[in-house]
There are 2 protein chains.
Amino acid sequence: MSAAAPPPVIVLVRPQLGENIGKAARAMLNFALTDLRLVAPRDGWPNPDAGPAAAGADIVLANATVFDTLADAVADCTTIYATTVRKRGVTKPVLTPEAAAREVHASDTRSAYIFGAERSGLETDDVALAHNIVTVPINPDFGSLNLAQAVILLAYEWSKGRALAQPPEVPLDPPAPHGELEGLIDHLVRDLDANGYFFPPDRRTMTLRTLRTTLTKTGWSHNDIRMMRGIITALGRKPRTR
Amino acid sequence: MSAAAPPPVIVLVRPQLGENIGKAARAMLNFALTDLRLVAPRDGWPNPDAGPAAAGADIVLANATVFDTLADAVADCTTIYATTVRKRGVTKPVLTPEAAAREVHASDTRSAYIFGAERSGLETDDVALAHNIVTVPINPDFGSLNLAQAVILLAYEWSKGRALAQPPEVPLDPPAPHGELEGLIDHLVRDLDANGYFFPPDRRTMTLRTLRTTLTKTGWSHNDIRMMRGIITALGRKPRTR
């Protein structure tokens, strides 16, 4: 059995605004990605606008590394995924974020997701360096994902393959034993009979069957049933004078 | 063969900043969601800060509708998903965005994804109105999804199932629109109040919440609800002399 794949690194190629670098860091850490690499950030690094936008993901910014070229940034990565919504003049497999995440998890070496600059996206030469293209299937009439949104969708999709993204445990109230439901139905039918609900009498069987179906599908727990029996009793009481 | 499920509506409950409403609209339209509903937006509506942040998703803002209460906003929806990262004092099934999207696609009635205010999230009473909770499985050491990010993750996950939407095999009686359930609850509470059910008075809020949860999980159809209203009326009648 091979070791689990290391988490993918996130590479921002020529990012422009420090704010967007901060937002990308925040998006990453939400899904436990921490290896951020910057290729030739326009305004240098560190960038004072990044911290506030990271909303607490400072550890990602503090550990970010800076490279002159994309080739340097991904030198230790074996599989490189270029994220782009546009078709490029390069023939590569085009994967969904889901398919890319499956590949990353199936691998036992390091992968990289690379993202282009805010406006222009990845250059053709950047994409040429990648093994695959990752495209988020998007509204053909309105494609407007910003950098941090693209990062969060890729990070989210990757995180789904991780055991540590544990499903929240739910202490749901289990349905009551069937006898309790029968008790509720008996109680209700007794009171309804007393009040002349089943009328005309020859429809009684059919109406009872419908009522049973309605109550059976509720999935009510012991507590729900106890509450409903209290309600039946209360409804039959004489109204208080007010 | 039944028609495909309508796309879910996105409901923002008491959103604070127009900018975030705009960002949510942009997130929606990327994945072809267009029905945006606002419950009591803090700064009124329309809001001049929304447009610039929508980055072209103006059609979503222009068609957004405003409601005073969450119950009004989802009156025509049959299944309501409350998005929250926090555990609440309400016992509901907790789904991942993926599982929720599967449910939405399997239904042939309208669903709603509801989102709370930027800082505080959904109130307990908002969650009580929902059938399910949707939680994005997130880094337990750093959960910091903003409103637009939560919207985009839910919208993205929904969009993946579009082509695959399978009609349910059994033509089950679908759950009634939410407004009908509200009508049932109102009817019941009116009669219970008249009979002094809520006692002592300071437990009323808590008891109402429990009652709402019990009734919300029934999945009752239009016909079920009609029957139950008849039953409430019948139980309150004076018993026949026999």
# chains A, B, ... in the order shown; residues from 1 in each chain; ligands from 1

call {"tool": "select_by_dssp", "arguments": {"residues": "stretch 128-157 of chain B", "states": "alpha helix (DSSP H)", "output": "VMD selection string"}}
result
chain B and resid 128 147 to 157

call {"tool": "interface_residues", "arguments": {"of": "chain A", "to": "chain B", "cutoff": "7 Å", "atoms": "only C-alpha atoms", "output": "PyMOL selection string"}}
result
chain A and resi 29-32+138-139+142-144+153+165-167+170+172+191-192+194-197+214+217-219+224+234-240

call {"tool": "write_last_selection", "arguments": {"atoms": "N, CA, C and O atoms", "output": "short mmCIF file (atom, residue, chain, number, x, y, z; two decimals), in the first residue's frame"}}
result
data_model
loop_
_atom_site.label_atom_id
_atom_site.label_comp_id
_atom_site.auth_asym_id
_atom_site.auth_seq_id
_atom_site.Cartn_x
_atom_site.Cartn_y
_atom_site.Cartn_z
N LEU A 29 -6.60 27.33 3.04
CA LEU A 29 -6.55 26.80 4.40
C LEU A 29 -7.90 26.24 4.84
O LEU A 29 -7.97 25.32 5.66
N ASN A 30 -8.98 26.77 4.29
CA ASN A 30 -10.29 26.19 4.57
C ASN A 30 -10.30 24.70 4.26
O ASN A 30 -11.05 23.93 4.88
N PHE A 31 -9.53 24.30 3.29
CA PHE A 31 -9.52 22.89 2.91
C PHE A 31 -8.15 22.26 3.17
O PHE A 31 -7.77 21.29 2.52
N ALA A 32 -7.45 22.85 4.13
CA ALA A 32 -6.22 22.26 4.66
C ALA A 32 -5.09 22.18 3.64
O ALA A 32 -4.21 21.33 3.75
N ILE A 138 -18.70 25.55 -16.45
CA ILE A 138 -19.29 26.82 -16.00
C ILE A 138 -20.38 27.24 -16.98
O ILE A 138 -20.43 26.75 -18.10
N ASN A 139 -21.25 28.12 -16.53
CA ASN A 139 -22.30 28.67 -17.38
C ASN A 139 -21.69 29.23 -18.67
O ASN A 139 -20.93 30.19 -18.62
N PHE A 142 -22.05 32.94 -18.94
CA PHE A 142 -21.52 33.83 -17.91
C PHE A 142 -20.41 33.10 -17.15
O PHE A 142 -20.66 32.44 -16.15
N GLY A 143 -19.20 33.21 -17.65
CA GLY A 143 -18.07 32.61 -16.96
C GLY A 143 -17.29 33.72 -16.31
O GLY A 143 -16.66 34.52 -16.99
N SER A 144 -17.33 33.79 -15.01
CA SER A 144 -16.66 34.90 -14.32
C SER A 144 -16.18 34.44 -12.96
O SER A 144 -16.64 34.89 -11.93
N LEU A 153 -12.59 26.25 -5.39
CA LEU A 153 -13.27 25.10 -5.99
C LEU A 153 -12.31 23.92 -6.16
O LEU A 153 -12.67 22.78 -5.89
N ALA A 165 -11.43 15.29 6.12
CA ALA A 165 -12.64 16.10 5.96
C ALA A 165 -13.81 15.22 6.39
O ALA A 165 -14.54 14.69 5.59
N GLN A 166 -13.94 15.05 7.68
CA GLN A 166 -14.86 14.06 8.21
C GLN A 166 -16.30 14.53 8.07
O GLN A 166 -16.57 15.72 8.26
N PRO A 167 -17.21 13.63 7.72
CA PRO A 167 -18.62 14.04 7.71
C PRO A 167 -19.04 14.32 9.16
O PRO A 167 -18.64 13.61 10.07
N VAL A 170 -24.15 13.05 13.24
CA VAL A 170 -25.47 13.58 13.56
C VAL A 170 -26.17 12.70 14.58
O VAL A 170 -26.51 11.57 14.28
N LEU A 172 -29.07 11.99 15.35
CA LEU A 172 -30.48 12.13 15.01
C LEU A 172 -31.32 11.29 15.95
O LEU A 172 -30.93 10.21 16.36
N ASP A 191 -60.16 9.45 19.69
CA ASP A 191 -60.69 10.81 19.86
C ASP A 191 -61.46 11.26 18.62
O ASP A 191 -62.46 11.97 18.73
N LEU A 192 -60.98 10.84 17.47
CA LEU A 192 -61.68 11.24 16.24
C LEU A 192 -63.05 10.56 16.15
O LEU A 192 -64.03 11.17 15.72
N ALA A 194 -64.85 9.72 18.67
CA ALA A 194 -65.72 10.39 19.63
C ALA A 194 -66.29 11.69 19.05
O ALA A 194 -67.40 12.11 19.40
N ASN A 195 -65.53 12.30 18.14
CA ASN A 195 -65.96 13.59 17.60
C ASN A 195 -66.61 13.47 16.22
O ASN A 195 -66.80 14.47 15.53
N GLY A 196 -66.88 12.25 15.79
CA GLY A 196 -67.59 12.08 14.53
C GLY A 196 -66.79 12.39 13.28
O GLY A 196 -67.34 12.80 12.27
N TYR A 197 -65.48 12.18 13.35
CA TYR A 197 -64.64 12.52 12.21
C TYR A 197 -64.87 11.60 11.02
O TYR A 197 -64.86 12.05 9.87
N THR A 214 -50.12 8.57 6.21
CA THR A 214 -49.62 9.91 6.54
C THR A 214 -48.76 9.88 7.80
O THR A 214 -47.70 10.51 7.87
N LYS A 217 -45.23 7.79 7.45
CA LYS A 217 -44.07 8.35 6.74
C LYS A 217 -43.37 9.47 7.49
O LYS A 217 -42.37 9.99 7.01
N THR A 218 -43.83 9.80 8.67
CA THR A 218 -43.22 10.92 9.39
C THR A 218 -41.82 10.62 9.92
O THR A 218 -41.03 11.53 10.09
N GLY A 219 -41.56 9.35 10.20
CA GLY A 219 -40.28 9.04 10.83
C GLY A 219 -40.20 9.56 12.25
O GLY A 219 -39.11 9.80 12.78
N ASP A 224 -41.12 12.82 19.52
CA ASP A 224 -42.12 13.40 18.63
C ASP A 224 -43.50 12.84 18.93
O ASP A 224 -44.51 13.56 18.99
N ALA A 234 -54.60 17.95 24.14
CA ALA A 234 -54.84 19.39 24.33
C ALA A 234 -55.92 19.90 23.39
O ALA A 234 -56.77 20.72 23.77
N LEU A 235 -55.90 19.42 22.14
CA LEU A 235 -56.89 19.92 21.18
C LEU A 235 -58.31 19.54 21.59
O LEU A 235 -59.27 20.24 21.27
N GLY A 236 -58.43 18.42 22.30
CA GLY A 236 -59.75 17.97 22.69
C GLY A 236 -60.28 18.61 23.97
O GLY A 236 -61.43 18.43 24.33
N ARG A 237 -59.36 19.37 24.62
CA ARG A 237 -59.81 20.03 25.85
C ARG A 237 -60.79 21.14 25.52
O ARG A 237 -60.80 21.68 24.42
N LYS A 238 -61.56 21.48 26.53
CA LYS A 238 -62.46 22.61 26.36
C LYS A 238 -61.62 23.88 26.31
O LYS A 238 -60.73 24.07 27.15
N PRO A 239 -61.84 24.75 25.32
CA PRO A 239 -61.07 26.01 25.29
C PRO A 239 -61.20 26.78 26.58
O PRO A 239 -62.27 26.80 27.19
N ARG A 240 -60.09 27.40 26.97
CA ARG A 240 -60.12 28.28 28.14
C ARG A 240 -60.94 29.50 27.81
O ARG A 240 -60.91 30.01 26.71
#

call {"tool": "calpha_fit_rmsd", "arguments": {"fixed": "chain A", "moving": "chain B"}}
result
23.9 Å

call {"tool": "closest_residue", "arguments": {"among": "A:Pro46, A:Gly22, A:Pro175, A:Gly161", "to": "A:Val60", "atoms": "only C-alpha atoms"}}
result
A:Gly22

call {"tool": "atom_distance", "arguments": {"atom1": "atom CA of A:His131", "atom2": "atom CA of A:Ile114"}}
result
11.1 Å

call {"tool": "atom_distance", "arguments": {"atom1": "atom CA of A:Phe67", "atom2": "atom CA of A:Val39"}}
result
4.8 Å

call {"tool": "atom_distance", "arguments": {"atom1": "atom CA of B:Ala82", "atom2": "atom CA of B:His178"}}
result
14.0 Å

call {"tool": "residues_around", "arguments": {"residues": "A:Ala130", "least_positions_apart": "6", "cutoff": "12 Å", "atoms": "only C-alpha atoms", "output": "PyMOL selection string"}}
result
chain A and resi 11+70-71+74-75+77-84+90-94+111-115+122-124

call {"tool": "select_by_dssp", "arguments": {"residues": "chain B", "states": "strand (DSSP E or B)", "output": "ChimeraX atom specification"}}
result
/B:9-13,36-39,65-67,79-83,94-95,111-115,117,121,132-134,175,221

call {"tool": "write_last_selection", "arguments": {"atoms": "N, CA and C atoms", "output": "PDB file, in the first residue's frame"}}
result
ATOM      1  N   VAL B   9     -33.526  27.710  -5.411  1.00  0.00           N
ATOM      2  CA  VAL B   9     -33.445  29.143  -5.175  1.00  0.00           C
ATOM      3  C   VAL B   9     -32.404  29.388  -4.086  1.00  0.00           C
ATOM      4  N   ILE B  10     -31.792  30.550  -4.155  1.00  0.00           N
ATOM      5  CA  ILE B  10     -30.785  30.938  -3.168  1.00  0.00           C
ATOM      6  C   ILE B  10     -31.398  32.036  -2.315  1.00  0.00           C
ATOM      7  N   VAL B  11     -31.482  31.788  -1.017  1.00  0.00           N
ATOM      8  CA  VAL B  11     -32.089  32.756  -0.105  1.00  0.00           C
ATOM      9  C   VAL B  11     -31.016  33.283   0.851  1.00  0.00           C
ATOM     10  N   LEU B  12     -30.817  34.583   0.835  1.00  0.00           N
ATOM     11  CA  LEU B  12     -29.888  35.212   1.781  1.00  0.00           C
ATOM     12  C   LEU B  12     -30.716  35.842   2.891  1.00  0.00           C
ATOM     13  N   VAL B  13     -30.497  35.371   4.105  1.00  0.00           N
ATOM     14  CA  VAL B  13     -31.290  35.833   5.240  1.00  0.00           C
ATOM     15  C   VAL B  13     -30.553  36.962   5.955  1.00  0.00           C
ATOM     16  N   LEU B  36     -32.654  34.569  -6.939  1.00  0.00           N
ATOM     17  CA  LEU B  36     -32.087  35.083  -5.687  1.00  0.00           C
ATOM     18  C   LEU B  36     -33.185  35.755  -4.869  1.00  0.00           C
ATOM     19  N   ARG B  37     -33.284  35.384  -3.592  1.00  0.00           N
ATOM     20  CA  ARG B  37     -34.288  35.978  -2.712  1.00  0.00           C
ATOM     21  C   ARG B  37     -33.612  36.526  -1.462  1.00  0.00           C
ATOM     22  N   LEU B  38     -34.029  37.697  -1.068  1.00  0.00           N
ATOM     23  CA  LEU B  38     -33.415  38.370   0.074  1.00  0.00           C
ATOM     24  C   LEU B  38     -34.444  38.516   1.182  1.00  0.00           C
ATOM     25  N   VAL B  39     -34.072  38.115   2.371  1.00  0.00           N
ATOM     26  CA  VAL B  39     -34.954  38.296   3.521  1.00  0.00           C
ATOM     27  C   VAL B  39     -34.414  39.451   4.360  1.00  0.00           C
ATOM     28  N   THR B  65     -35.854  39.049  -5.440  1.00  0.00           N
ATOM     29  CA  THR B  65     -37.084  39.410  -4.751  1.00  0.00           C
ATOM     30  C   THR B  65     -36.803  39.548  -3.261  1.00  0.00           C
ATOM     31  N   VAL B  66     -37.584  40.385  -2.595  1.00  0.00           N
ATOM     32  CA  VAL B  66     -37.334  40.715  -1.191  1.00  0.00           C
ATOM     33  C   VAL B  66     -38.531  40.292  -0.347  1.00  0.00           C
ATOM     34  N   PHE B  67     -38.257  39.716   0.809  1.00  0.00           N
ATOM     35  CA  PHE B  67     -39.316  39.234   1.702  1.00  0.00           C
ATOM     36  C   PHE B  67     -39.047  39.710   3.126  1.00  0.00           C
ATOM     37  N   THR B  79     -38.454  21.688  -0.238  1.00  0.00           N
ATOM     38  CA  THR B  79     -37.367  21.198   0.601  1.00  0.00           C
ATOM     39  C   THR B  79     -36.379  22.318   0.816  1.00  0.00           C
ATOM     40  N   ILE B  80     -36.051  22.513   2.080  1.00  0.00           N
ATOM     41  CA  ILE B  80     -35.242  23.666   2.457  1.00  0.00           C
ATOM     42  C   ILE B  80     -33.955  23.180   3.118  1.00  0.00           C
ATOM     43  N   TYR B  81     -32.848  23.676   2.609  1.00  0.00           N
ATOM     44  CA  TYR B  81     -31.530  23.280   3.085  1.00  0.00           C
ATOM     45  C   TYR B  81     -30.885  24.478   3.758  1.00  0.00           C
ATOM     46  N   ALA B  82     -30.588  24.352   5.030  1.00  0.00           N
ATOM     47  CA  ALA B  82     -29.954  25.440   5.784  1.00  0.00           C
ATOM     48  C   ALA B  82     -28.451  25.226   5.764  1.00  0.00           C
ATOM     49  N   THR B  83     -27.712  26.180   5.206  1.00  0.00           N
ATOM     50  CA  THR B  83     -26.264  26.026   5.163  1.00  0.00           C
ATOM     51  C   THR B  83     -25.668  26.636   6.405  1.00  0.00           C
ATOM     52  N   VAL B  94     -27.743  16.147   8.588  1.00  0.00           N
ATOM     53  CA  VAL B  94     -26.674  17.012   8.098  1.00  0.00           C
ATOM     54  C   VAL B  94     -26.099  16.397   6.831  1.00  0.00           C
ATOM     55  N   LEU B  95     -26.140  17.133   5.746  1.00  0.00           N
ATOM     56  CA  LEU B  95     -25.694  16.625   4.457  1.00  0.00           C
ATOM     57  C   LEU B  95     -24.462  17.378   3.979  1.00  0.00           C
ATOM     58  N   SER B 111     -36.511  23.433  -4.518  1.00  0.00           N
ATOM     59  CA  SER B 111     -35.737  23.425  -3.280  1.00  0.00           C
ATOM     60  C   SER B 111     -35.152  24.809  -3.044  1.00  0.00           C
ATOM     61  N   ALA B 112     -34.765  25.050  -1.789  1.00  0.00           N
ATOM     62  CA  ALA B 112     -34.123  26.326  -1.451  1.00  0.00           C
ATOM     63  C   ALA B 112     -32.874  26.052  -0.624  1.00  0.00           C
ATOM     64  N   TYR B 113     -31.800  26.769  -0.961  1.00  0.00           N
ATOM     65  CA  TYR B 113     -30.608  26.795  -0.125  1.00  0.00           C
ATOM     66  C   TYR B 113     -30.646  28.124   0.619  1.00  0.00           C
ATOM     67  N   ILE B 114     -30.627  28.067   1.939  1.00  0.00           N
ATOM     68  CA  ILE B 114     -30.683  29.325   2.683  1.00  0.00           C
ATOM     69  C   ILE B 114     -29.355  29.578   3.395  1.00  0.00           C
ATOM     70  N   PHE B 115     -28.970  30.863   3.394  1.00  0.00           N
ATOM     71  CA  PHE B 115     -27.683  31.292   3.943  1.00  0.00           C
ATOM     72  C   PHE B 115     -27.920  32.422   4.932  1.00  0.00           C
ATOM     73  N   ALA B 117     -26.622  35.599   7.739  1.00  0.00           N
ATOM     74  CA  ALA B 117     -25.887  36.857   7.630  1.00  0.00           C
ATOM     75  C   ALA B 117     -24.382  36.595   7.700  1.00  0.00           C
ATOM     76  N   GLY B 121     -24.380  34.159  10.708  1.00  0.00           N
ATOM     77  CA  GLY B 121     -24.961  32.957  10.128  1.00  0.00           C
ATOM     78  C   GLY B 121     -26.450  32.876  10.392  1.00  0.00           C
ATOM     79  N   ASN B 132     -33.193  20.101   6.187  1.00  0.00           N
ATOM     80  CA  ASN B 132     -31.861  19.537   6.294  1.00  0.00           C
ATOM     81  C   ASN B 132     -30.856  20.647   6.536  1.00  0.00           C
ATOM     82  N   ILE B 133     -29.744  20.246   7.112  1.00  0.00           N
ATOM     83  CA  ILE B 133     -28.610  21.153   7.236  1.00  0.00           C
ATOM     84  C   ILE B 133     -27.568  20.729   6.211  1.00  0.00           C
ATOM     85  N   VAL B 134     -26.978  21.687   5.541  1.00  0.00           N
ATOM     86  CA  VAL B 134     -25.869  21.394   4.632  1.00  0.00           C
ATOM     87  C   VAL B 134     -24.614  22.002   5.220  1.00  0.00           C
ATOM     88  N   PRO B 175     -43.667  16.385  -1.304  1.00  0.00           N
ATOM     89  CA  PRO B 175     -43.935  17.254  -0.168  1.00  0.00           C
ATOM     90  C   PRO B 175     -44.627  18.526  -0.638  1.00  0.00           C
ATOM     91  N   SER B 221     -47.374  15.764   2.136  1.00  0.00           N
ATOM     92  CA  SER B 221     -47.836  16.302   0.861  1.00  0.00           C
ATOM     93  C   SER B 221     -49.020  17.236   1.100  1.00  0.00           C
TER      94      SER B 221
END

call {"tool": "decode", "arguments": {"residues": "stretch 51-66 of chain B", "atoms": "N, CA and C atoms", "output": "short mmCIF file (atom, residue, chain, number, x, y, z; two decimals), in the first residue's frame"}}
result
data_model
loop_
_atom_site.label_atom_id
_atom_site.label_comp_id
_atom_site.auth_asym_id
_atom_site.auth_seq_id
_atom_site.Cartn_x
_atom_site.Cartn_y
_atom_site.Cartn_z
N GLY B 51 -24.31 46.01 -7.43
CA GLY B 51 -24.02 45.95 -8.86
C GLY B 51 -22.55 45.77 -9.21
N PRO B 52 -21.69 46.67 -8.70
CA PRO B 52 -20.27 46.53 -9.04
C PRO B 52 -19.69 45.17 -8.64
N ALA B 53 -20.14 44.64 -7.51
CA ALA B 53 -19.59 43.36 -7.03
C ALA B 53 -20.12 42.18 -7.83
N ALA B 54 -21.22 42.39 -8.56
CA ALA B 54 -21.81 41.28 -9.31
C ALA B 54 -21.03 40.99 -10.58
N ALA B 55 -20.15 41.93 -10.98
CA ALA B 55 -19.26 41.69 -12.12
C ALA B 55 -20.02 41.20 -13.36
N GLY B 56 -21.17 41.79 -13.60
CA GLY B 56 -21.90 41.43 -14.82
C GLY B 56 -23.12 40.57 -14.60
N ALA B 57 -23.29 40.07 -13.38
CA ALA B 57 -24.45 39.21 -13.11
C ALA B 57 -25.66 40.08 -12.75
N ASP B 58 -25.84 41.14 -13.50
CA ASP B 58 -26.89 42.11 -13.17
C ASP B 58 -28.29 41.52 -13.25
N ILE B 59 -28.46 40.57 -14.16
CA ILE B 59 -29.78 39.98 -14.34
C ILE B 59 -30.27 39.32 -13.06
N VAL B 60 -29.34 38.73 -12.32
CA VAL B 60 -29.71 38.07 -11.06
C VAL B 60 -30.18 39.11 -10.03
N LEU B 61 -29.46 40.23 -9.98
CA LEU B 61 -29.84 41.29 -9.05
C LEU B 61 -31.17 41.93 -9.45
N ALA B 62 -31.33 42.15 -10.75
CA ALA B 62 -32.54 42.82 -11.23
C ALA B 62 -33.78 41.98 -10.91
N ASN B 63 -33.64 40.66 -10.93
CA ASN B 63 -34.79 39.78 -10.68
C ASN B 63 -34.88 39.33 -9.22
N ALA B 64 -33.98 39.80 -8.38
CA ALA B 64 -34.01 39.39 -6.97
C ALA B 64 -35.31 39.86 -6.33
N THR B 65 -35.85 39.05 -5.44
CA THR B 65 -37.08 39.41 -4.75
C THR B 65 -36.80 39.55 -3.26
N VAL B 66 -37.58 40.39 -2.60
CA VAL B 66 -37.33 40.71 -1.19
C VAL B 66 -38.53 40.29 -0.35
#
